[in-house]
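Participant: Before I ask anything, here is the structure I am working with.
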Amino acid sequence: MAEIPRRPLGVNVMKYLVVGAGFSGATFARLKAEQGHSVRVIEQRDHVAGNAYDSQKMGEPMVHRYGPHLFHTNSERVYKFLSRFTEWYEYRHRVRARVLGRVVPLPFNFLSIELCFSGRRPDEIKTAMREVFKDNQRVTLRELKAQESPHLNKTLYDFVYENIFENYTQKMWGMDLEKLGPTVADRVPLIAGYDDSYFTDRFQCMPAWGYTQLVKSMLDHENIEVVTGMRWRENGREYDRMYFTGSIDDYFGHYLGHLEYRSMSFELKSLATGELRDEKGTATMNLPDHPKVTRYSDMAVITKFPGENTVVVVETPGPYVPGVNEPYYPIPTGEARAMYHRYEKLAEDTEVGMRVRFGGRLGSYQYLNMDQAVAQAMKAAEEF
Ligand SMILES: Cc1cc2nc3c(=O)[nH]c(=O)nc-3n(C[C@H](O)[C@H](O)[C@H](O)COP(=O)(O)OP(=O)(O)OC[C@H]3O[C@@H](n4cnc5c(N)ncnc54)[C@H](O)[C@@H]3O)c2cc1C
């Protein structure tokens, strides 16, 4: 006999539709189900977990199909919530960049300075850094430019701008750094010391059985029905409320125009572990001066895979073409944000705002890490 779903007493049961089964949709669905509501999740891809999707072939490490995903957060609340659905392994992400033929730590730190300025008095630059910044302080490009010392605002700034940021940004976004908001460059600061950790968050770890398994566990609840391979097209009137984690312009049939996104192609290369180990243990290698590729990542290092083989994920950004490729990154410019706000206003001014909440990386049109997507969906599940 089919089990009767459990409902907390006194709950006015509502029917929710969640569009998208990434971290945002799964978090919202789980919390609504636990509140006793009935939830249907539809996902256009043939799998759950959104861009964090991972899978594994025999004899190879777990592979992040849409680029490497490293979990890091300062939010104990998010960490505790996700820990209900997975165990973790410790993981500290480290990145290197190939700059003018040398492999140097990124964020650009004192070792990077020594390697890039060898024979050009690196000690003077490090001393100037020590005079104004605390040991291992993270310093944005803007802060560096604002310093009085020419060792910092000229020698170091020019080098880092030209060799790390300029071409990389142009490739990544298809536009100059000046056109983009300051947050883009702030994401990769320099370090006034030898620390080479990429993230500084309190919790840095990876789910023991991968992200897909984590998301599947979140969605495994008697009040949740999941349908994959289904794109949202209906108006959803048979549901009381909807949490929509697809693109907001898609929801409105591009009524106010197309929001711009940047896309990415991910090439997966299976290799024997020996083949790529000139930079031993490097998880991610950034290639600022490569004409097309931004970076590649070694999945055996990221997943601590002990076998003989690895899979390398090579990332090449490009323009988003609707119907041809996927929208990955909302464009962080004022104009693009302004169009998003017009869509938000459209939702507020119509009855859509009463029934639909937009969330996640696409629905709120902003770069969100996984922990931020979870935190945002937790808040939405409390309020809506
Ligand atoms: C290359 C790359 C690297 C990243 N690295 C990290 C990292 O290291 N650490 C980190 O914390 N975060 C990382 N992120 C961010 C992370 O992917 C997001 O934070 C996370 O995916 C957000 O989850 P989401 O549910 O909001 O969106 P998504 O994961 O994009 O999920 C949205 C889902 O909605 C579905 N959908 C959209 N429209 C429709 C529709 N009309 N009908 C049905 N389904 C629909 C999509 O198919 C998708 O599966 C990275 C992102 C990218 C692209």
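All residue names refer to the structure tokens as shown: chains lettered A, B, ... in order, residues numbered from 1 in each chain, ligands numbered from 1 in order.
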At most 7 Å is the cut-off: for each residue in chain A with any atom that close to an atom of ligand 1, write down the nearest atom pair and the distance in Å rounded to one decimal, counting only C-alpha atoms and all ligand atoms, chain first then increasing number, as a tab-separated table.
Facilitator:
residue	atom	partner	partner_atom_place_in_ligand_line	distance
A:Val19	CA	ligand 1	43 (C)	5.2
A:Gly20	CA	ligand 1	34 (O)	3.2
A:Ala21	CA	ligand 1	33 (C)	5.2
A:Gly22	CA	ligand 1	25 (O)	3.3
A:Phe23	CA	ligand 1	25 (O)	4.0
A:Ser24	CA	ligand 1	25 (O)	3.8
A:Gly25	CA	ligand 1	25 (O)	5.4
A:Ile42	CA	ligand 1	43 (C)	5.5
A:Glu43	CA	ligand 1	44 (N)	3.8
A:Gln44	CA	ligand 1	43 (C)	4.0
A:Arg45	CA	ligand 1	47 (O)	5.1
A:Val48	CA	ligand 1	49 (O)	6.5
A:Ala49	CA	ligand 1	29 (O)	6.1
A:Gly50	CA	ligand 1	49 (O)	3.3
A:Asn51	CA	ligand 1	29 (O)	4.0
A:Ala52	CA	ligand 1	17 (O)	5.2
A:Tyr66	CA	ligand 1	1 (C)	5.6
A:Gly67	CA	ligand 1	1 (C)	4.2
A:Pro68	CA	ligand 1	3 (C)	5.5
A:His69	CA	ligand 1	8 (O)	3.5
A:Leu70	CA	ligand 1	8 (O)	3.7
A:Phe71	CA	ligand 1	11 (O)	5.0
A:His72	CA	ligand 1	11 (O)	6.2
A:Met230	CA	ligand 1	43 (C)	5.9
A:Arg231	CA	ligand 1	42 (N)	3.6
A:Trp232	CA	ligand 1	42 (N)	3.8
A:Arg233	CA	ligand 1	41 (N)	6.8
A:Thr245	CA	ligand 1	34 (O)	5.4
A:Gly246	CA	ligand 1	38 (N)	3.4
A:Ser247	CA	ligand 1	38 (N)	6.0
A:Asp250	CA	ligand 1	41 (N)	7.0
A:Tyr328	CA	ligand 1	53 (C)	5.0
A:Tyr329	CA	ligand 1	53 (C)	6.5
A:Gly359	CA	ligand 1	26 (O)	6.7
A:Gly360	CA	ligand 1	26 (O)	3.2
A:Arg361	CA	ligand 1	26 (O)	4.1
A:Leu362	CA	ligand 1	26 (O)	6.3
A:Leu368	CA	ligand 1	19 (O)	4.6
A:Asn369	CA	ligand 1	11 (O)	3.5
A:Met370	CA	ligand 1	19 (O)	3.6
A:Asp371	CA	ligand 1	11 (O)	5.8
A:Gln372	CA	ligand 1	19 (O)	6.8
A:Ala373	CA	ligand 1	22 (C)	5.3
Participant: Please report, as a PyMOL selection string, each residue of segment 190-264 of chain A to which DSSP assigns strand (DSSP E) when run on this structure's backbone.
Facilitator: chain A and resi 190-192+203-207+224-228+241-244+261-264
Participant: Write out as a list in words each polymer residue whose atoms come within 6 Å of Val95 of chain A, counting only C-alpha atoms; drop sequence neighbours fewer than 4 positions from it.
Facilitator: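 Near neighbours after the sequence-gap exclusion: Leu106, Thr284 and Met285 of chain A.
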Participant: Any chance you could export the current selection's N, CA, C and O atoms as a PDB file, in the first residue's frame?
Facilitator:
ATOM      1  N   LEU A 106      48.726  31.478  -7.593  1.00  0.00           N
ATOM      2  CA  LEU A 106      47.646  32.458  -7.748  1.00  0.00           C
ATOM      3  C   LEU A 106      46.658  32.225  -6.610  1.00  0.00           C
ATOM      4  O   LEU A 106      46.242  31.086  -6.441  1.00  0.00           O
ATOM      5  N   THR A 284      44.305  23.404 -10.214  1.00  0.00           N
ATOM      6  CA  THR A 284      43.850  24.238 -11.330  1.00  0.00           C
ATOM      7  C   THR A 284      45.001  25.082 -11.833  1.00  0.00           C
ATOM      8  O   THR A 284      45.716  25.701 -11.045  1.00  0.00           O
ATOM      9  N   MET A 285      45.161  25.084 -13.153  1.00  0.00           N
ATOM     10  CA  MET A 285      46.195  25.902 -13.793  1.00  0.00           C
ATOM     11  C   MET A 285      45.499  26.972 -14.624  1.00  0.00           C
ATOM     12  O   MET A 285      44.746  26.649 -15.555  1.00  0.00           O
TER      13      MET A 285
END
Participant: What's around Met378 of chain A at 8 Å? Count only C-alpha atoms, leave out sequence neighbours fewer than 5 positions away in its own chain, and write the answer as a list in words.
Facilitator: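 These residues fall inside the cut-off: Thr27, Phe28 and Leu31 of chain A.
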Participant: May I have the residues within 8 Å of Met206 of chain A as number ranges by chain, using only C-alpha atoms and disregarding those fewer than 5 positions away in the same chain?
Facilitator: A: 70-71, 88-91, 303
Participant: I'd like to know which residues of segment 185-346 of chain A are helix (DSSP H, G or I) (by DSSP, run on the backbone); could you write them as a ChimeraX atom specification?
Facilitator: /A:185-186,211-219,248-251,273-279,299-302,334-346
Participant: Suppose we keep C-alpha atoms; can you now write the selection as a compact mmCIF listing (two decimals), in the first residue's frame?
Facilitator:
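Output (again09.txt):
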# COMPACT_ATOMS: atom_id res chain seq x y z
CA ALA A 185 38.91 41.88 -10.24
CA ASP A 186 38.31 41.84 -6.46
CA TYR A 211 27.50 16.83 -5.39
CA THR A 212 24.97 14.84 -7.42
CA GLN A 213 24.57 12.36 -4.58
CA LEU A 214 24.26 15.24 -2.10
CA VAL A 215 21.49 16.88 -4.15
CA LYS A 216 19.74 13.54 -4.67
CA SER A 217 19.68 13.05 -0.88
CA MET A 218 18.19 16.52 -0.45
CA LEU A 219 15.43 15.71 -2.92
CA ILE A 248 14.12 35.54 -15.41
CA ASP A 249 14.07 36.82 -19.04
CA ASP A 250 13.24 33.29 -20.18
CA TYR A 251 10.31 33.23 -17.74
CA THR A 273 48.24 10.72 -14.16
CA GLY A 274 51.92 10.85 -15.18
CA GLU A 275 51.18 12.80 -18.35
CA LEU A 276 50.24 16.08 -16.70
CA ARG A 277 52.39 16.15 -13.66
CA ASP A 278 55.08 18.68 -14.56
CA GLU A 279 53.24 20.87 -12.04
CA MET A 299 40.03 16.10 -11.23
CA ALA A 300 42.29 13.48 -9.58
CA VAL A 301 43.85 16.21 -7.41
CA ILE A 302 40.51 17.82 -6.54
CA GLY A 334 25.62 48.17 -14.78
CA GLU A 335 23.57 47.98 -18.02
CA ALA A 336 22.94 44.25 -17.69
CA ARG A 337 21.96 44.66 -14.02
CA ALA A 338 19.60 47.50 -14.96
CA MET A 339 17.75 45.24 -17.40
CA TYR A 340 17.46 42.59 -14.69
CA HIS A 341 15.90 45.19 -12.37
CA ARG A 342 13.33 46.01 -15.06
CA TYR A 343 12.35 42.34 -15.09
CA GLU A 344 12.19 42.33 -11.29
CA LYS A 345 9.92 45.35 -11.43
CA LEU A 346 7.75 43.65 -14.05
Participant: Could you check the closest approach to Tyr198 of chain A for each of A:Gly174, A:Gly59, A:Pro105, A:Pro291 and tell me which residue wins, using only C-alpha atoms?
Facilitator: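 The shortest atom-to-atom distance to Tyr198 of chain A comes from A:Pro105.
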Participant: Give the answer as one residue: which of A:Ala283, A:Tyr16, A:Thr333, A:His258 has the shortest atom-to-atom distance to Thr310 of chain A, using only C-alpha atoms?
Facilitator: A:Ala283
Participant: What is the atom CA of Asp220 of chain A to atom CA of Arg77 of chain A distance in Å?
Facilitator: 20.7 Å
Participant: Do you have the atom CA of Pro207 of chain A-atom CA of Phe108 of chain A distance handy?
Facilitator: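 Those two atoms sit 28.3 Å apart.
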Participant: Between A:Gln170, A:Asp289, A:Phe159, A:Leu256, which residue has the minimum interatomic distance to Leu144 of chain A, considering only C-alpha atoms?
Facilitator: A:Phe159
Participant: For Glu326 of chain A, list every protein, DNA or RNA residue within 10 Å, evaluated using only C-alpha atoms, and leave out those in the same chain fewer than 5 positions away; present the list as a list in words.
Facilitator: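 Neighbouring residues, sequence-local ones excluded: Tyr261, Arg262, Ser263, Met264, Ser265, Pro319, Tyr320 and Val321 of chain A.
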